[in-house]
>>> print(open('run02.tsv').read())   # TSV, N, CA, C and O atoms
chain	number	residue	atom	x	y	z
A	10	MET	N	-21.46	117.74	71.74
A	10	MET	CA	-21.72	118.06	70.35
A	10	MET	C	-23.09	118.71	70.19
A	10	MET	O	-23.24	119.65	69.41
A	11	ARG	N	-24.07	118.22	70.93
A	11	ARG	CA	-25.42	118.78	70.87
A	11	ARG	C	-25.40	120.26	71.24
A	11	ARG	O	-26.04	121.08	70.58
A	12	SER	N	-24.67	120.61	72.29
A	12	SER	CA	-24.59	122.00	72.72
A	12	SER	C	-23.99	122.89	71.64
A	12	SER	O	-24.44	124.02	71.43
A	13	ILE	N	-23.01	122.38	70.93
A	13	ILE	CA	-22.36	123.17	69.89
A	13	ILE	C	-23.29	123.37	68.71
A	13	ILE	O	-23.37	124.47	68.15
A	14	ILE	N	-24.04	122.34	68.32
A	14	ILE	CA	-24.99	122.48	67.22
A	14	ILE	C	-26.11	123.45	67.61
A	14	ILE	O	-26.48	124.32	66.82
A	15	LYS	N	-26.63	123.31	68.82
A	15	LYS	CA	-27.67	124.24	69.28
A	15	LYS	C	-27.15	125.67	69.29
A	15	LYS	O	-27.83	126.60	68.86
A	16	ALA	N	-25.95	125.85	69.77
A	16	ALA	CA	-25.36	127.19	69.82
A	16	ALA	C	-25.16	127.75	68.42
A	16	ALA	O	-25.41	128.93	68.17
A	17	GLY	N	-24.74	126.91	67.49
A	17	GLY	CA	-24.54	127.35	66.11
A	17	GLY	C	-25.83	127.80	65.45
A	17	GLY	O	-25.87	128.85	64.79
A	18	LEU	N	-26.88	127.03	65.63
A	18	LEU	CA	-28.18	127.40	65.05
A	18	LEU	C	-28.72	128.67	65.69
A	18	LEU	O	-29.24	129.57	65.00
A	19	TRP	N	-28.62	128.76	66.99
A	19	TRP	CA	-29.08	129.95	67.70
A	19	TRP	C	-28.29	131.17	67.26
A	19	TRP	O	-28.83	132.26	67.07
A	20	THR	N	-27.01	131.00	67.06
A	20	THR	CA	-26.14	132.08	66.62
A	20	THR	C	-26.53	132.56	65.22
A	20	THR	O	-26.54	133.76	64.95
A	21	ALA	N	-26.85	131.63	64.33
A	21	ALA	CA	-27.25	132.00	62.97
A	21	ALA	C	-28.53	132.83	62.98
A	21	ALA	O	-28.64	133.84	62.27
A	22	ILE	N	-29.49	132.43	63.80
A	22	ILE	CA	-30.73	133.20	63.92
A	22	ILE	C	-30.41	134.59	64.47
A	22	ILE	O	-30.89	135.61	63.96
A	23	GLY	N	-29.61	134.64	65.51
A	23	GLY	CA	-29.24	135.91	66.12
A	23	GLY	C	-28.47	136.81	65.16
A	23	GLY	O	-28.64	138.03	65.16
A	24	LEU	N	-27.64	136.20	64.32
A	24	LEU	CA	-26.87	136.96	63.35
A	24	LEU	C	-27.79	137.70	62.37
A	24	LEU	O	-27.60	138.88	62.10
A	25	VAL	N	-28.79	137.01	61.88
A	25	VAL	CA	-29.74	137.62	60.96
A	25	VAL	C	-30.52	138.73	61.64
A	25	VAL	O	-30.65	139.85	61.11
A	26	VAL	N	-31.03	138.46	62.82
A	26	VAL	CA	-31.81	139.46	63.55
A	26	VAL	C	-30.96	140.68	63.91
A	26	VAL	O	-31.36	141.83	63.67
A	27	MET	N	-29.77	140.44	64.42
A	27	MET	CA	-28.92	141.55	64.83
A	27	MET	C	-28.44	142.38	63.65
A	27	MET	O	-28.29	143.60	63.77
A	28	THR	N	-28.21	141.75	62.50
A	28	THR	CA	-27.85	142.51	61.30
A	28	THR	C	-28.98	143.47	60.94
A	28	THR	O	-28.73	144.64	60.63
A	29	GLY	N	-30.21	142.98	61.00
A	29	GLY	CA	-31.36	143.85	60.73
A	29	GLY	C	-31.48	144.99	61.72
A	29	GLY	O	-31.73	146.14	61.34
A	30	VAL	N	-31.29	144.69	62.98
A	30	VAL	CA	-31.37	145.73	64.02
A	30	VAL	C	-30.24	146.74	63.83
A	30	VAL	O	-30.46	147.95	63.87
A	31	GLY	N	-29.02	146.25	63.62
A	31	GLY	CA	-27.88	147.14	63.41
A	31	GLY	C	-28.06	148.02	62.18
A	31	GLY	O	-27.77	149.22	62.22
A	32	PHE	N	-28.56	147.44	61.11
A	32	PHE	CA	-28.82	148.22	59.90
A	32	PHE	C	-29.91	149.26	60.14
A	32	PHE	O	-29.79	150.41	59.75
A	33	GLY	N	-30.96	148.84	60.83
A	33	GLY	CA	-32.06	149.76	61.14
A	33	GLY	C	-31.61	150.93	62.01
A	33	GLY	O	-32.08	152.06	61.84
A	34	MET	N	-30.69	150.69	62.91
A	34	MET	CA	-30.24	151.74	63.82
A	34	MET	C	-29.16	152.64	63.23
A	34	MET	O	-29.06	153.80	63.57
A	35	THR	N	-28.34	152.08	62.32
A	35	THR	CA	-27.23	152.87	61.78
A	35	THR	C	-27.43	153.29	60.33
A	35	THR	O	-26.82	154.25	59.88
A	36	GLY	N	-28.24	152.54	59.60
A	36	GLY	CA	-28.43	152.83	58.19
A	36	GLY	C	-27.33	152.26	57.31
A	36	GLY	O	-27.33	152.45	56.10
A	37	TYR	N	-26.38	151.54	57.91
A	37	TYR	CA	-25.26	150.96	57.18
A	37	TYR	C	-25.24	149.46	57.37
A	37	TYR	O	-25.17	148.98	58.51
A	38	LEU	N	-25.29	148.74	56.26
A	38	LEU	CA	-25.29	147.28	56.34
A	38	LEU	C	-23.97	146.76	56.90
A	38	LEU	O	-23.96	145.82	57.70
A	39	GLY	N	-22.85	147.37	56.52
A	39	GLY	CA	-21.54	146.94	57.02
A	39	GLY	C	-21.43	147.08	58.53
A	39	GLY	O	-20.93	146.19	59.22
A	40	THR	N	-21.90	148.21	59.05
A	40	THR	CA	-21.87	148.44	60.50
A	40	THR	C	-22.80	147.47	61.20
A	40	THR	O	-22.46	146.88	62.22
A	41	GLY	N	-24.00	147.29	60.64
A	41	GLY	CA	-24.95	146.33	61.21
A	41	GLY	C	-24.39	144.92	61.21
A	41	GLY	O	-24.53	144.18	62.18
A	42	GLY	N	-23.71	144.55	60.12
A	42	GLY	CA	-23.11	143.22	60.04
A	42	GLY	C	-21.98	143.04	61.03
A	42	GLY	O	-21.85	141.98	61.65
A	43	ALA	N	-21.14	144.08	61.19
A	43	ALA	CA	-20.05	144.00	62.16
A	43	ALA	C	-20.59	143.86	63.58
A	43	ALA	O	-20.06	143.07	64.38
A	44	MET	N	-21.64	144.61	63.88
A	44	MET	CA	-22.27	144.49	65.20
A	44	MET	C	-22.82	143.09	65.39
A	44	MET	O	-22.68	142.50	66.47
A	45	ALA	N	-23.44	142.55	64.35
A	45	ALA	CA	-24.03	141.22	64.43
A	45	ALA	C	-22.98	140.14	64.64
A	45	ALA	O	-23.16	139.24	65.45
A	46	VAL	N	-21.88	140.22	63.91
A	46	VAL	CA	-20.81	139.22	64.04
A	46	VAL	C	-20.21	139.27	65.44
A	46	VAL	O	-20.03	138.23	66.09
A	47	THR	N	-19.93	140.47	65.92
A	47	THR	CA	-19.38	140.62	67.27
A	47	THR	C	-20.33	140.04	68.31
A	47	THR	O	-19.93	139.25	69.18
A	48	ASN	N	-21.59	140.41	68.20
A	48	ASN	CA	-22.60	139.91	69.14
A	48	ASN	C	-22.74	138.39	69.05
A	48	ASN	O	-22.85	137.72	70.07
A	49	SER	N	-22.70	137.86	67.84
A	49	SER	CA	-22.87	136.42	67.66
A	49	SER	C	-21.72	135.62	68.25
A	49	SER	O	-21.93	134.58	68.87
A	50	VAL	N	-20.51	136.09	68.05
A	50	VAL	CA	-19.34	135.38	68.60
A	50	VAL	C	-19.40	135.38	70.12
A	50	VAL	O	-19.24	134.33	70.76
A	51	ILE	N	-19.66	136.54	70.70
A	51	ILE	CA	-19.76	136.62	72.16
A	51	ILE	C	-20.92	135.75	72.66
A	51	ILE	O	-20.77	135.00	73.63
A	52	GLY	N	-22.05	135.81	71.99
A	52	GLY	CA	-23.21	135.03	72.39
A	52	GLY	C	-22.98	133.53	72.28
A	52	GLY	O	-23.39	132.77	73.16
A	53	MET	N	-22.33	133.09	71.21
A	53	MET	CA	-22.09	131.66	71.03
A	53	MET	C	-21.15	131.11	72.09
A	53	MET	O	-21.41	130.06	72.68
A	54	VAL	N	-20.07	131.82	72.34
A	54	VAL	CA	-19.13	131.38	73.37
A	54	VAL	C	-19.81	131.35	74.74
A	54	VAL	O	-19.68	130.37	75.49
A	55	SER	N	-20.56	132.39	75.04
A	55	SER	CA	-21.28	132.44	76.33
A	55	SER	C	-22.27	131.30	76.46
A	55	SER	O	-22.39	130.68	77.51
A	56	TYR	N	-22.99	131.01	75.37
A	56	TYR	CA	-23.99	129.94	75.41
A	56	TYR	C	-23.35	128.57	75.61
A	56	TYR	O	-23.87	127.76	76.38
A	57	VAL	N	-22.24	128.31	74.94
A	57	VAL	CA	-21.56	127.02	75.11
A	57	VAL	C	-21.09	126.86	76.55
A	57	VAL	O	-21.26	125.80	77.16
A	58	ILE	N	-20.51	127.91	77.10
A	58	ILE	CA	-20.07	127.87	78.50
A	58	ILE	C	-21.27	127.63	79.42
A	58	ILE	O	-21.23	126.79	80.33
A	59	TYR	N	-22.35	128.35	79.18
A	59	TYR	CA	-23.59	128.21	79.96
A	59	TYR	C	-24.10	126.77	79.91
A	59	TYR	O	-24.45	126.18	80.93
A	60	GLU	N	-24.14	126.18	78.71
A	60	GLU	CA	-24.60	124.79	78.57
A	60	GLU	C	-23.69	123.82	79.30
A	60	GLU	O	-24.16	122.87	79.92
A	61	ARG	N	-22.38	124.03	79.22
A	61	ARG	CA	-21.44	123.14	79.89
A	61	ARG	C	-21.60	123.22	81.41
A	61	ARG	O	-21.53	122.21	82.10
A	62	VAL	N	-21.81	124.41	81.93
A	62	VAL	CA	-22.03	124.57	83.37
A	62	VAL	C	-23.30	123.83	83.78
A	62	VAL	O	-23.30	123.07	84.75
A	63	TRP	N	-24.38	124.01	83.04
A	63	TRP	CA	-25.63	123.34	83.38
A	63	TRP	C	-25.54	121.82	83.23
A	63	TRP	O	-26.26	121.08	83.88
A	64	ALA	N	-24.65	121.35	82.37
A	64	ALA	CA	-24.47	119.90	82.23
A	64	ALA	C	-23.92	119.29	83.52
A	64	ALA	O	-24.16	118.12	83.80
A	65	TRP	N	-23.20	120.07	84.30
A	65	TRP	CA	-22.65	119.59	85.57
A	65	TRP	C	-23.65	119.67	86.72
A	65	TRP	O	-23.47	119.03	87.74
A	66	VAL	N	-24.67	120.48	86.57
A	66	VAL	CA	-25.65	120.69	87.64
A	66	VAL	C	-26.63	119.53	87.67
A	66	VAL	O	-27.27	119.22	86.67
A	67	ARG	N	-26.76	118.91	88.82
A	67	ARG	CA	-27.65	117.76	88.95
A	67	ARG	C	-29.06	118.16	89.40
A	67	ARG	O	-29.98	117.37	89.31
A	68	TRP	N	-29.21	119.37	89.84
A	68	TRP	CA	-30.49	119.86	90.33
A	68	TRP	C	-31.58	119.71	89.27
A	68	TRP	O	-31.39	120.05	88.11
A	69	GLY	N	-32.72	119.17	89.65
A	69	GLY	CA	-33.87	119.05	88.75
A	69	GLY	C	-33.87	117.83	87.85
A	69	GLY	O	-34.82	117.62	87.11
A	70	ARG	N	-32.85	117.01	87.92
A	70	ARG	CA	-32.80	115.79	87.10
A	70	ARG	C	-33.35	114.63	87.89
A	70	ARG	O	-33.23	114.55	89.09
A	71	ARG	N	-33.91	113.73	87.16
A	71	ARG	CA	-34.38	112.49	87.80
A	71	ARG	C	-33.32	111.42	87.60
A	71	ARG	O	-32.70	111.33	86.56
A	72	ALA	N	-33.17	110.62	88.62
A	72	ALA	CA	-32.13	109.56	88.57
A	72	ALA	C	-32.49	108.46	87.64
A	72	ALA	O	-33.52	108.21	87.21
>>> encode(input="run02.tsv", output="C-alpha cells")
Amino acid sequence: MRSIIKAGLWTAIGLVVMTGVGFGMTGYLGTGGAMAVTNSVIGMVSYVIYERVWAWVRWGRRA
C-alpha cells in the first residue's frame, strides 16, 4: 500500500510538471495535458513495478 501511495503522489507532481513542459513546448494545454497523462500512467506503473522488485531484494538490508 505504501508503494502505491508514494507512486500516486509522485505521479501527481509529475503530472503538473509535465503539463507545464508540454504546454511550453507545444503551446497547447490539451496536448500538454495528454502528454502528461500518458507519461504519468507509464511512470506510475513503472514505479510500482520497480518498488515491488526492490522489495524482494535483500541486498543492503540489516537483519
>>> select_by_dssp(input="run02.tsv", residues="chain A", states="alpha helix (DSSP H)", output="PyMOL selection string")
chain A and resi 11-35+38-65
>>> closest_residue(input="run02.tsv", among="A:Gly52, A:Ala45, A:Ala16, A:Val66", to="Val30 in chain A", atoms="only C-alpha atoms")
A:Ala45
>>> axis_aligned_box(input="run02.tsv", around="range 24-34 of chain A", padding_each_side="5 Å", output="lines of an AutoDock Vina configuration file")
center_x = -29.5
center_y = 145.0
center_z = 62.3
size_x = 15.2
size_y = 27.6
size_z = 15.1
>>> atom_distance(input="run02.tsv", atom1="CA of Met44 in chain A", atom2="atom N of Arg11 in chain A")
26.9 Å
>>> closest_residue(input="run02.tsv", among="A:Gly31, A:Thr40, A:Lys15, A:Val25", to="Val57 in chain A", atoms="all atoms listed in the file")
A:Lys15
>>> atom_distance(input="run02.tsv", atom1="CA of Trp68 in chain A", atom2="CA of Gly17 in chain A")
26.0 Å
>>> closest_residue(input="run02.tsv", among="A:Asn48, A:Trp63, A:Val54, A:Gly69", to="Ile22 in chain A", atoms="only C-alpha atoms")
A:Asn48
>>> residues_around(input="run02.tsv", residues="range 26-28 of chain A", least_positions_apart="3", cutoff="7 Å", atoms="all atoms listed in the file", output="VMD selection string")
chain A and resid 20 to 23 31 to 34 37 to 38 40 to 46
>>> write_last_selection(input="run02.tsv", atoms="N, CA, C and O atoms", output="mmCIF file, keeping the file's coordinate frame")
data_model
loop_
_atom_site.group_PDB
_atom_site.id
_atom_site.type_symbol
_atom_site.label_atom_id
_atom_site.label_comp_id
_atom_site.auth_asym_id
_atom_site.auth_seq_id
_atom_site.Cartn_x
_atom_site.Cartn_y
_atom_site.Cartn_z
ATOM 1 N N THR A 20 -27.010 131.000 67.060
ATOM 2 C CA THR A 20 -26.140 132.080 66.620
ATOM 3 C C THR A 20 -26.530 132.560 65.220
ATOM 4 O O THR A 20 -26.540 133.760 64.950
ATOM 5 N N ALA A 21 -26.850 131.630 64.330
ATOM 6 C CA ALA A 21 -27.250 132.000 62.970
ATOM 7 C C ALA A 21 -28.530 132.830 62.980
ATOM 8 O O ALA A 21 -28.640 133.840 62.270
ATOM 9 N N ILE A 22 -29.490 132.430 63.800
ATOM 10 C CA ILE A 22 -30.730 133.200 63.920
ATOM 11 C C ILE A 22 -30.410 134.590 64.470
ATOM 12 O O ILE A 22 -30.890 135.610 63.960
ATOM 13 N N GLY A 23 -29.610 134.640 65.510
ATOM 14 C CA GLY A 23 -29.240 135.910 66.120
ATOM 15 C C GLY A 23 -28.470 136.810 65.160
ATOM 16 O O GLY A 23 -28.640 138.030 65.160
ATOM 17 N N GLY A 31 -29.020 146.250 63.620
ATOM 18 C CA GLY A 31 -27.880 147.140 63.410
ATOM 19 C C GLY A 31 -28.060 148.020 62.180
ATOM 20 O O GLY A 31 -27.770 149.220 62.220
ATOM 21 N N PHE A 32 -28.560 147.440 61.110
ATOM 22 C CA PHE A 32 -28.820 148.220 59.900
ATOM 23 C C PHE A 32 -29.910 149.260 60.140
ATOM 24 O O PHE A 32 -29.790 150.410 59.750
ATOM 25 N N GLY A 33 -30.960 148.840 60.830
ATOM 26 C CA GLY A 33 -32.060 149.760 61.140
ATOM 27 C C GLY A 33 -31.610 150.930 62.010
ATOM 28 O O GLY A 33 -32.080 152.060 61.840
ATOM 29 N N MET A 34 -30.690 150.690 62.910
ATOM 30 C CA MET A 34 -30.240 151.740 63.820
ATOM 31 C C MET A 34 -29.160 152.640 63.230
ATOM 32 O O MET A 34 -29.060 153.800 63.570
ATOM 33 N N TYR A 37 -26.380 151.540 57.910
ATOM 34 C CA TYR A 37 -25.260 150.960 57.180
ATOM 35 C C TYR A 37 -25.240 149.460 57.370
ATOM 36 O O TYR A 37 -25.170 148.980 58.510
ATOM 37 N N LEU A 38 -25.290 148.740 56.260
ATOM 38 C CA LEU A 38 -25.290 147.280 56.340
ATOM 39 C C LEU A 38 -23.970 146.760 56.900
ATOM 40 O O LEU A 38 -23.960 145.820 57.700
ATOM 41 N N THR A 40 -21.900 148.210 59.050
ATOM 42 C CA THR A 40 -21.870 148.440 60.500
ATOM 43 C C THR A 40 -22.800 147.470 61.200
ATOM 44 O O THR A 40 -22.460 146.880 62.220
ATOM 45 N N GLY A 41 -24.000 147.290 60.640
ATOM 46 C CA GLY A 41 -24.950 146.330 61.210
ATOM 47 C C GLY A 41 -24.390 144.920 61.210
ATOM 48 O O GLY A 41 -24.530 144.180 62.180
ATOM 49 N N GLY A 42 -23.710 144.550 60.120
ATOM 50 C CA GLY A 42 -23.110 143.220 60.040
ATOM 51 C C GLY A 42 -21.980 143.040 61.030
ATOM 52 O O GLY A 42 -21.850 141.980 61.650
ATOM 53 N N ALA A 43 -21.140 144.080 61.190
ATOM 54 C CA ALA A 43 -20.050 144.000 62.160
ATOM 55 C C ALA A 43 -20.590 143.860 63.580
ATOM 56 O O ALA A 43 -20.060 143.070 64.380
ATOM 57 N N MET A 44 -21.640 144.610 63.880
ATOM 58 C CA MET A 44 -22.270 144.490 65.200
ATOM 59 C C MET A 44 -22.820 143.090 65.390
ATOM 60 O O MET A 44 -22.680 142.500 66.470
ATOM 61 N N ALA A 45 -23.440 142.550 64.350
ATOM 62 C CA ALA A 45 -24.030 141.220 64.430
ATOM 63 C C ALA A 45 -22.980 140.140 64.640
ATOM 64 O O ALA A 45 -23.160 139.240 65.450
ATOM 65 N N VAL A 46 -21.880 140.220 63.910
ATOM 66 C CA VAL A 46 -20.810 139.220 64.040
ATOM 67 C C VAL A 46 -20.210 139.270 65.440
ATOM 68 O O VAL A 46 -20.030 138.230 66.090
#
>>> atom_distance(input="run02.tsv", atom1="CA of Arg61 in chain A", atom2="CA of Ile13 in chain A")
10.0 Å
>>> closest_residue(input="run02.tsv", among="A:Ser12, A:Gly36, A:Leu24, A:Trp65", to="Val50 in chain A", atoms="all atoms listed in the file")
A:Leu24
